[in-house]
Amino acid sequence: MKKGKVKVDYSGRHIGFDNDEKLVGQPVRYSTIDYPDVIAYAAKAAGVPESTIAMANEALFDAMDYFVLNGHSVQIPNLGTFFISVRVKSTATEAEFTANFAKNLRGVHIRFRPDPELKAMVAKTSIETSVDDDGYISEGIISVTSALFGQGSTLVPMNPGRAYALDRLTRLVFNGTRLTKDYLGATPLLVVVMDDAGVETSVRPAGTLLSDSYNTLTFNIKEFKKMNRDAKYIKSFTLTDADGNVIVERSFGGIPAAPYISAVVVDNNPAPIGATMPYTEGEAVTVKIFGCHLSEATEIKVGTIELVRGIASDTQVVGTFMPPASGNYPVSVKSATSEASVYNLSFGEEAGVSVASVTANGDALVNGGATNITDGSNYLIAIAGQGLDTLTADNFELPAGSSISITSQSATQINASLQNAHAGDFKIKVDGVQIFAAVLVVVQPSVSVTGYKLTENGATQQMNVAIQVDEVGSTFTVWLVGQELDDLTTENFTGTNVADINYTPATGVLTGKAMTASGTVRIAVENTTIGTLNVTIEDDYDPNA
């Protein structure tokens with residue numbers, strides 16, 4: 001969510017009220033944002049191609065149509081819940097109501113219930129109003145501003161061990177379950193910054209510098225720099241919970257005396273060290289180099305070719321480069337008196353392997369970021385990109401004890417199952433070159449589901465043992481086993497190929513309907529998956545056996 005300013009034109013409109021004439025404000029939509037403009041903006045903010053955003057959006061629309069029009073409520077985090085409602089003529093008796101329901105049906109409508117976090121944000125938003133005259137007849141402007149969120153975003157990869165310039169970084173955003181100021185405590189973030197001389201200063205952001213919204217914590221570096229003009233580089237940051245346990249910790253190198261590269265961006269896409277970046281033969285790419293003492297560089301090369309420089313400063317250089325062919329092209333900078341600082345990078349053909357996005361049970365895994373998991377849980381992994389049909393399970397580097405199996409695959413999409421997930425690195429490598437990396441961080445919500453029973457007094461089944469039904473459309477009923485299960489509601493359960501999910505907190509009973517040969521029910525608390533139930537159809541299954 002970005003800090004913004006919303007301008008709303010309105011004009012006075014006279015209405016009759018209680019035998020008197022009143023004047024009310026009537027808003028006017030001052031512009032309509034076309035769908036391509038929304039896609040372009042989202043693609044730029046996310047750092048992925050517009051085609052990827054458009055493809056994901058179309059898939060989202062299809063899913064919305066399917067679930068909402070089949071009677072489900074659909075929740076979109078940060079936005080709200082869509083659902084169907086009906087208007088029916090009232091009747092005197094239940095029999096008349098049942099017999100004449102279709103006749104008495106007056107309409108079916110799609111409803112929207114805003115997310116509580118969105119409503120809270122609007123409630124906290126400050127409003128300043130100015131009007132053209134005292135009569136409220138002519139047009140005026142309502143200016144809505146919010147200080148809750150930092151401005152801008154960064155597409156720059158932050159590589160450990162390398163001094164990182166704050167020149168273009170506007171905010172640090174931490175995502176995760178319960179990652180709010182109330183949960184973390186008043187000063188959960190410790191940031192160490194340096195000036196040009198390398199003198200370090202420790203900072204604990206507070207007040208308007210630190211904000212939280214929907215399980216994200218944001219450090220507004222842009223506002224911090226206004227207050228601390230001497231801060232030029234970030235040395236490290238550490239994020240802890242309320243008990244002082246470290247959640248995220250990143251350390252960066254000191255300031256070298258010579259030109260040095262801390263990060264590279266190619267065509268507005270982050271380029272982690274060792275990444276293979278896509279390109280089109282015969283077309284130049286834009287290379288942005290971030291670092292320190294770059295204005296002292298007498299030589300800046302990509303491979304053996306000198307970069308055609310454009311914008312240049314001490315912490316940033318922007319130029320163009322024409323890859324003559326696919327292969328390794330390290331970016332290097334050096335001065336007449338220093339050794340080269342080298343940043344390993346490769347370029348691949350347009351049809352080469354690249355990863356645009358990765359999700360685990362629908363939650364995004366951010367390249368170079370951290371994602372919360374429940375230890376030992378299973379996750380449905382969805383990967384979007386190019387050339388993915390060449391990947392195998394051997395291309396994945398996982399934490400010890402975890403395993404992955406690919407369930408479906410095409411050039412642009414992989415669906416896989418990550419079993420027994422543990423804390424550690426989740427990486428995708430091609431020919432030894434890392435193209436995606438995320439850190440899995442274990443969290444332990446207060447609610448836990450450890451198994452289920454087929455009858456109220458039956459034996460406890462493990463979570464990885466599938467629930468079986470005998471045919472498509474069959475219903476199942478299980479009794480969940482765990483801790484604090486009465487804190488769960490039906491909203492905590494989402495199904496893939498499973499419909500009519502319902503949960504009763506008082507008894508721990510979960511019911512649903514199998515829609516295909518195999519399906520899953522995901523149990524999540526504050527966007528952290530705490531359990532997954534598999535549902536399968538067996539023709540010879542006897543539920544009474």
# chains A, B, ... in the order shown; residues from 1 in each chain; ligands from 1
call {"tool": "residues_around", "arguments": {"residues": "stretch 279-296 of chain A", "least_positions_apart": "2", "cutoff": "9 Å", "atoms": "only C-alpha atoms", "output": "PyMOL selection string"}}
result
chain A and resi 156+162-165+167-168+233+255-268+277+298+307+312-326+331+333-336+347-350
call {"tool": "atom_distance", "arguments": {"atom1": "atom CA of A:Ile537", "atom2": "atom CA of A:Leu60"}}
result
27.0 Å
call {"tool": "atom_distance", "arguments": {"atom1": "atom CA of A:Asp196", "atom2": "atom CA of A:Lys232"}}
result
6.3 Å
call {"tool": "residues_around", "arguments": {"residues": "stretch 401-405 of chain A", "least_positions_apart": "2", "cutoff": "7 Å", "atoms": "only C-alpha atoms", "output": "PyMOL selection string"}}
result
chain A and resi 393+398-399+407+416-422
call {"tool": "residues_around", "arguments": {"residues": "A:Ile84", "least_positions_apart": "6", "cutoff": "12 Å", "atoms": "only C-alpha atoms", "output": "VMD selection string"}}
result
chain A and resid 64 to 65 67 to 74 107 to 113
call {"tool": "closest_residue", "arguments": {"among": "A:Met515, A:Ala400, A:Val199, A:Ala271", "to": "A:Asn344", "atoms": "only C-alpha atoms"}}
result
A:Ala271
call {"tool": "atom_distance", "arguments": {"atom1": "atom CA of A:Leu79", "atom2": "atom CA of A:Ile53"}}
result
17.7 Å
call {"tool": "residues_around", "arguments": {"residues": "stretch 431-441 of chain A", "least_positions_apart": "3", "cutoff": "8 Å", "atoms": "only C-alpha atoms", "output": "ChimeraX atom specification"}}
result
/A:247,272,274-276,354-355,365-373,422-428
call {"tool": "write_last_selection", "arguments": {"atoms": "all heavy atoms", "output": "short mmCIF file (atom, residue, chain, number, x, y, z; two decimals), in the first residue's frame"}}
result
data_model
loop_
_atom_site.label_atom_id
_atom_site.label_comp_id
_atom_site.auth_asym_id
_atom_site.auth_seq_id
_atom_site.Cartn_x
_atom_site.Cartn_y
_atom_site.Cartn_z
N ILE A 247 13.81 -12.44 13.83
CA ILE A 247 12.99 -12.93 12.72
C ILE A 247 13.76 -12.79 11.41
O ILE A 247 13.82 -13.71 10.61
CB ILE A 247 11.67 -12.15 12.65
CG1 ILE A 247 10.87 -12.34 13.93
CG2 ILE A 247 10.85 -12.58 11.43
CD1 ILE A 247 9.60 -11.53 13.98
N PRO A 272 19.76 -10.42 -9.03
CA PRO A 272 20.58 -10.95 -7.95
C PRO A 272 21.92 -11.47 -8.47
O PRO A 272 22.05 -11.81 -9.66
CB PRO A 272 19.73 -12.10 -7.39
CG PRO A 272 18.33 -11.80 -7.84
CD PRO A 272 18.47 -11.11 -9.16
N GLY A 274 24.66 -13.62 -9.77
CA GLY A 274 24.62 -14.93 -10.42
C GLY A 274 23.37 -15.20 -11.23
O GLY A 274 23.22 -16.28 -11.77
N ALA A 275 22.45 -14.21 -11.32
CA ALA A 275 21.18 -14.43 -12.02
C ALA A 275 21.39 -14.47 -13.53
O ALA A 275 22.37 -13.92 -14.06
CB ALA A 275 20.18 -13.33 -11.67
N THR A 276 20.47 -15.13 -14.24
CA THR A 276 20.43 -15.10 -15.69
C THR A 276 19.25 -14.24 -16.10
O THR A 276 18.10 -14.57 -15.80
CB THR A 276 20.29 -16.51 -16.27
OG1 THR A 276 21.41 -17.30 -15.90
CG2 THR A 276 20.20 -16.46 -17.80
N SER A 354 13.35 -18.44 -16.67
CA SER A 354 13.24 -17.30 -15.77
C SER A 354 12.01 -17.49 -14.90
O SER A 354 11.03 -18.10 -15.32
CB SER A 354 13.16 -15.97 -16.52
OG SER A 354 11.99 -15.91 -17.30
N VAL A 355 12.08 -16.97 -13.68
CA VAL A 355 10.98 -17.08 -12.73
C VAL A 355 10.40 -15.70 -12.48
O VAL A 355 11.12 -14.77 -12.09
CB VAL A 355 11.46 -17.70 -11.39
CG1 VAL A 355 10.37 -17.64 -10.35
CG2 VAL A 355 11.90 -19.14 -11.62
N LEU A 365 5.99 -15.89 -2.38
CA LEU A 365 7.37 -16.01 -1.94
C LEU A 365 8.15 -14.95 -2.70
O LEU A 365 8.17 -14.95 -3.93
CB LEU A 365 7.95 -17.40 -2.26
CG LEU A 365 7.79 -18.48 -1.18
CD1 LEU A 365 6.33 -18.83 -1.01
CD2 LEU A 365 8.60 -19.71 -1.54
N VAL A 366 8.77 -14.05 -1.97
CA VAL A 366 9.45 -12.91 -2.59
C VAL A 366 10.91 -13.28 -2.85
O VAL A 366 11.60 -13.76 -1.95
CB VAL A 366 9.36 -11.66 -1.70
CG1 VAL A 366 10.08 -10.48 -2.35
CG2 VAL A 366 7.90 -11.31 -1.43
N ASN A 367 11.36 -13.04 -4.07
CA ASN A 367 12.75 -13.31 -4.41
C ASN A 367 13.67 -12.46 -3.54
O ASN A 367 13.58 -11.24 -3.54
CB ASN A 367 13.00 -13.01 -5.89
CG ASN A 367 14.32 -13.56 -6.38
OD1 ASN A 367 14.99 -14.32 -5.69
ND2 ASN A 367 14.72 -13.16 -7.57
N GLY A 368 14.52 -13.11 -2.76
CA GLY A 368 15.40 -12.40 -1.86
C GLY A 368 14.77 -12.05 -0.53
O GLY A 368 15.41 -11.42 0.31
N GLY A 369 13.52 -12.46 -0.31
CA GLY A 369 12.81 -12.12 0.92
C GLY A 369 12.56 -13.34 1.78
O GLY A 369 13.01 -14.45 1.51
N ALA A 370 11.81 -13.12 2.86
CA ALA A 370 11.49 -14.19 3.81
C ALA A 370 10.00 -14.46 3.82
O ALA A 370 9.19 -13.55 3.66
CB ALA A 370 11.97 -13.82 5.21
N THR A 371 9.63 -15.73 4.00
CA THR A 371 8.23 -16.14 4.04
C THR A 371 8.01 -17.02 5.27
O THR A 371 8.79 -17.94 5.53
CB THR A 371 7.86 -16.94 2.78
OG1 THR A 371 8.03 -16.11 1.64
CG2 THR A 371 6.41 -17.40 2.84
N ASN A 372 6.95 -16.74 6.01
CA ASN A 372 6.65 -17.51 7.21
C ASN A 372 6.00 -18.85 6.86
O ASN A 372 5.15 -18.92 5.98
CB ASN A 372 5.70 -16.73 8.12
CG ASN A 372 6.40 -15.57 8.80
OD1 ASN A 372 7.62 -15.49 8.79
ND2 ASN A 372 5.64 -14.68 9.40
N ILE A 373 6.40 -19.91 7.56
CA ILE A 373 5.81 -21.23 7.38
C ILE A 373 5.57 -21.85 8.74
O ILE A 373 6.07 -21.38 9.76
CB ILE A 373 6.72 -22.16 6.56
CG1 ILE A 373 8.04 -22.41 7.31
CG2 ILE A 373 6.97 -21.61 5.17
CD1 ILE A 373 8.87 -23.54 6.74
N HIS A 422 10.64 -27.01 6.23
CA HIS A 422 11.38 -26.58 7.41
C HIS A 422 12.04 -25.24 7.13
O HIS A 422 12.08 -24.77 5.99
CB HIS A 422 12.46 -27.61 7.79
CG HIS A 422 11.91 -28.93 8.20
ND1 HIS A 422 11.12 -29.09 9.32
CD2 HIS A 422 12.01 -30.17 7.64
CE1 HIS A 422 10.78 -30.37 9.44
NE2 HIS A 422 11.30 -31.04 8.42
N ALA A 423 12.57 -24.62 8.18
CA ALA A 423 13.25 -23.34 8.03
C ALA A 423 14.52 -23.50 7.20
O ALA A 423 15.23 -24.50 7.31
CB ALA A 423 13.59 -22.76 9.41
N GLY A 424 14.78 -22.51 6.35
CA GLY A 424 15.99 -22.55 5.53
C GLY A 424 15.76 -21.91 4.18
O GLY A 424 14.75 -21.24 3.95
N ASP A 425 16.70 -22.13 3.25
CA ASP A 425 16.64 -21.51 1.93
C ASP A 425 15.82 -22.35 0.95
O ASP A 425 15.95 -23.58 0.92
CB ASP A 425 18.05 -21.33 1.36
CG ASP A 425 18.86 -20.32 2.15
OD1 ASP A 425 18.24 -19.41 2.73
OD2 ASP A 425 20.10 -20.44 2.19
N PHE A 426 14.98 -21.66 0.19
CA PHE A 426 14.25 -22.28 -0.92
C PHE A 426 14.81 -21.65 -2.19
O PHE A 426 14.60 -20.46 -2.45
CB PHE A 426 12.74 -22.00 -0.80
CG PHE A 426 11.91 -22.52 -1.94
CD1 PHE A 426 11.27 -23.74 -1.85
CD2 PHE A 426 11.77 -21.78 -3.11
CE1 PHE A 426 10.51 -24.22 -2.90
CE2 PHE A 426 11.00 -22.25 -4.15
CZ PHE A 426 10.36 -23.47 -4.05
N LYS A 427 15.57 -22.43 -2.98
CA LYS A 427 16.25 -21.88 -4.14
C LYS A 427 15.91 -22.67 -5.41
O LYS A 427 15.62 -23.86 -5.34
CB LYS A 427 17.77 -21.88 -3.94
CG LYS A 427 18.25 -21.01 -2.78
CD LYS A 427 19.77 -21.08 -2.64
CE LYS A 427 20.26 -20.20 -1.50
NZ LYS A 427 21.73 -20.29 -1.35
N ILE A 428 15.96 -21.97 -6.54
CA ILE A 428 15.83 -22.60 -7.85
C ILE A 428 17.09 -22.25 -8.63
O ILE A 428 17.44 -21.07 -8.77
CB ILE A 428 14.58 -22.10 -8.61
CG1 ILE A 428 13.32 -22.32 -7.76
CG2 ILE A 428 14.45 -22.84 -9.95
CD1 ILE A 428 12.06 -21.75 -8.39
#
call {"tool": "select_by_dssp", "arguments": {"residues": "stretch 283-415 of chain A", "states": "strand (DSSP E)", "output": "ChimeraX atom specification"}}
result
/A:285-292,299-302,305-306,308-312,316-321,327-328,331-334,341-343,346-348,354-360,363-365,370-373,379-386,396-397,403-409,413-415
call {"tool": "write_last_selection", "arguments": {"atoms": "C-alpha atoms", "output": "PDB file, in the first residue's frame"}}
result
ATOM      1  CA  VAL A 285      19.049  -3.544 -22.254  1.00  0.00           C
ATOM      2  CA  THR A 286      19.130  -0.813 -19.603  1.00  0.00           C
ATOM      3  CA  VAL A 287      21.576  -1.551 -16.806  1.00  0.00           C
ATOM      4  CA  LYS A 288      21.359   0.305 -13.487  1.00  0.00           C
ATOM      5  CA  ILE A 289      24.347  -0.075 -11.183  1.00  0.00           C
ATOM      6  CA  PHE A 290      24.091   0.857  -7.496  1.00  0.00           C
ATOM      7  CA  GLY A 291      27.088   1.104  -5.203  1.00  0.00           C
ATOM      8  CA  CYS A 292      29.597   3.589  -3.832  1.00  0.00           C
ATOM      9  CA  GLU A 299      36.027   1.840 -16.480  1.00  0.00           C
ATOM     10  CA  ILE A 300      32.551   0.299 -16.295  1.00  0.00           C
ATOM     11  CA  LYS A 301      32.108  -2.879 -18.313  1.00  0.00           C
ATOM     12  CA  VAL A 302      29.514  -5.568 -18.888  1.00  0.00           C
ATOM     13  CA  ILE A 305      32.128  -4.340 -23.461  1.00  0.00           C
ATOM     14  CA  GLU A 306      32.186  -0.798 -22.058  1.00  0.00           C
ATOM     15  CA  VAL A 308      27.279   3.224 -22.672  1.00  0.00           C
ATOM     16  CA  ARG A 309      26.757   5.576 -19.733  1.00  0.00           C
ATOM     17  CA  GLY A 310      23.832   7.907 -19.174  1.00  0.00           C
ATOM     18  CA  ILE A 311      22.862   9.052 -15.673  1.00  0.00           C
ATOM     19  CA  ALA A 312      25.788   8.939 -13.240  1.00  0.00           C
ATOM     20  CA  GLN A 316      24.278   5.134  -9.202  1.00  0.00           C
ATOM     21  CA  VAL A 317      25.135   4.687 -12.862  1.00  0.00           C
ATOM     22  CA  VAL A 318      22.557   4.043 -15.589  1.00  0.00           C
ATOM     23  CA  GLY A 319      23.597   2.918 -19.060  1.00  0.00           C
ATOM     24  CA  THR A 320      22.794   0.616 -21.975  1.00  0.00           C
ATOM     25  CA  PHE A 321      24.341  -2.652 -23.097  1.00  0.00           C
ATOM     26  CA  GLY A 327      26.244 -16.256 -21.701  1.00  0.00           C
ATOM     27  CA  ASN A 328      28.057 -14.849 -18.689  1.00  0.00           C
ATOM     28  CA  VAL A 331      29.437  -6.233 -14.496  1.00  0.00           C
ATOM     29  CA  SER A 332      32.653  -4.592 -13.297  1.00  0.00           C
ATOM     30  CA  VAL A 333      33.795  -1.145 -12.185  1.00  0.00           C
ATOM     31  CA  LYS A 334      37.284   0.073 -11.365  1.00  0.00           C
ATOM     32  CA  SER A 341      34.589  -4.753  -8.261  1.00  0.00           C
ATOM     33  CA  VAL A 342      32.847  -7.601 -10.089  1.00  0.00           C
ATOM     34  CA  TYR A 343      29.126  -8.490  -9.991  1.00  0.00           C
ATOM     35  CA  SER A 346      24.420 -13.683 -17.248  1.00  0.00           C
ATOM     36  CA  PHE A 347      22.019 -13.090 -20.120  1.00  0.00           C
ATOM     37  CA  GLY A 348      19.872 -15.839 -21.611  1.00  0.00           C
ATOM     38  CA  SER A 354      13.243 -17.301 -15.769  1.00  0.00           C
ATOM     39  CA  VAL A 355      10.979 -17.081 -12.725  1.00  0.00           C
ATOM     40  CA  ALA A 356       8.430 -14.270 -12.528  1.00  0.00           C
ATOM     41  CA  SER A 357       6.588 -15.289  -9.350  1.00  0.00           C
ATOM     42  CA  VAL A 358       6.347 -18.084  -6.774  1.00  0.00           C
ATOM     43  CA  THR A 359       3.495 -18.715  -4.336  1.00  0.00           C
ATOM     44  CA  ALA A 360       3.063 -21.206  -1.495  1.00  0.00           C
ATOM     45  CA  ASP A 363       0.947 -16.615  -0.505  1.00  0.00           C
ATOM     46  CA  ALA A 364       3.770 -14.919  -2.401  1.00  0.00           C
ATOM     47  CA  LEU A 365       7.370 -16.012  -1.941  1.00  0.00           C
ATOM     48  CA  ALA A 370      11.492 -14.187   3.810  1.00  0.00           C
ATOM     49  CA  THR A 371       8.232 -16.143   4.044  1.00  0.00           C
ATOM     50  CA  ASN A 372       6.645 -17.511   7.214  1.00  0.00           C
ATOM     51  CA  ILE A 373       5.806 -21.227   7.382  1.00  0.00           C
ATOM     52  CA  TYR A 379       2.538 -26.414   0.701  1.00  0.00           C
ATOM     53  CA  LEU A 380       1.166 -26.177  -2.825  1.00  0.00           C
ATOM     54  CA  ILE A 381       3.795 -24.314  -4.862  1.00  0.00           C
ATOM     55  CA  ALA A 382       2.860 -22.379  -8.024  1.00  0.00           C
ATOM     56  CA  ILE A 383       5.648 -20.961 -10.205  1.00  0.00           C
ATOM     57  CA  ALA A 384       5.110 -18.619 -13.171  1.00  0.00           C
ATOM     58  CA  GLY A 385       7.815 -17.719 -15.666  1.00  0.00           C
ATOM     59  CA  GLN A 386       9.419 -18.814 -18.935  1.00  0.00           C
ATOM     60  CA  PHE A 396      15.318 -27.027  -6.374  1.00  0.00           C
ATOM     61  CA  GLU A 397      17.543 -26.539  -3.342  1.00  0.00           C
ATOM     62  CA  SER A 403      11.158 -32.472  -0.460  1.00  0.00           C
ATOM     63  CA  ILE A 404       9.328 -31.284  -3.571  1.00  0.00           C
ATOM     64  CA  SER A 405       7.406 -33.076  -6.312  1.00  0.00           C
ATOM     65  CA  ILE A 406       6.155 -31.486  -9.538  1.00  0.00           C
ATOM     66  CA  THR A 407       2.471 -32.278 -10.171  1.00  0.00           C
ATOM     67  CA  SER A 408       1.928 -30.361 -13.438  1.00  0.00           C
ATOM     68  CA  GLN A 409       4.217 -28.419 -15.711  1.00  0.00           C
ATOM     69  CA  GLN A 413       3.631 -22.632 -15.142  1.00  0.00           C
ATOM     70  CA  ILE A 414       4.717 -25.254 -12.614  1.00  0.00           C
ATOM     71  CA  ASN A 415       2.498 -26.662  -9.892  1.00  0.00           C
TER      72      ASN A 415
END
call {"tool": "select_by_dssp", "arguments": {"residues": "stretch 381-412 of chain A", "states": "helix (DSSP H, G or I)", "output": "NGL selection string"}}
result
:A and (388-390 or 393-395)
call {"tool": "closest_residue", "arguments": {"among": "A:Asn378, A:Ser410, A:Asn269, A:Ser446", "to": "A:Thr392", "atoms": "only C-alpha atoms"}}
result
A:Ser410
call {"tool": "residues_around", "arguments": {"residues": "A:Val203", "least_positions_apart": "2", "cutoff": "7 Å", "atoms": "only C-alpha atoms", "output": "list in words"}}
result
Leu190, Val191, Val192, Thr201 and Pro205 of chain A
call {"tool": "write_last_selection", "arguments": {"atoms": "N, CA and C atoms", "output": "PDB file, in the first residue's frame"}}
result
ATOM      1  N   LEU A 190      16.042  -2.755  14.354  1.00  0.00           N
ATOM      2  CA  LEU A 190      17.299  -2.056  14.604  1.00  0.00           C
ATOM      3  C   LEU A 190      18.030  -1.934  13.273  1.00  0.00           C
ATOM      4  N   VAL A 191      18.317  -0.712  12.865  1.00  0.00           N
ATOM      5  CA  VAL A 191      18.990  -0.452  11.593  1.00  0.00           C
ATOM      6  C   VAL A 191      20.305   0.264  11.881  1.00  0.00           C
ATOM      7  N   VAL A 192      21.378  -0.204  11.270  1.00  0.00           N
ATOM      8  CA  VAL A 192      22.682   0.457  11.391  1.00  0.00           C
ATOM      9  C   VAL A 192      23.010   1.103  10.050  1.00  0.00           C
ATOM     10  N   THR A 201      25.892   4.486  12.779  1.00  0.00           N
ATOM     11  CA  THR A 201      24.892   4.978  13.719  1.00  0.00           C
ATOM     12  C   THR A 201      23.770   3.948  13.808  1.00  0.00           C
ATOM     13  N   PRO A 205      13.765   2.786  14.383  1.00  0.00           N
ATOM     14  CA  PRO A 205      12.693   3.612  13.824  1.00  0.00           C
ATOM     15  C   PRO A 205      11.433   3.544  14.677  1.00  0.00           C
TER      16      PRO A 205
END
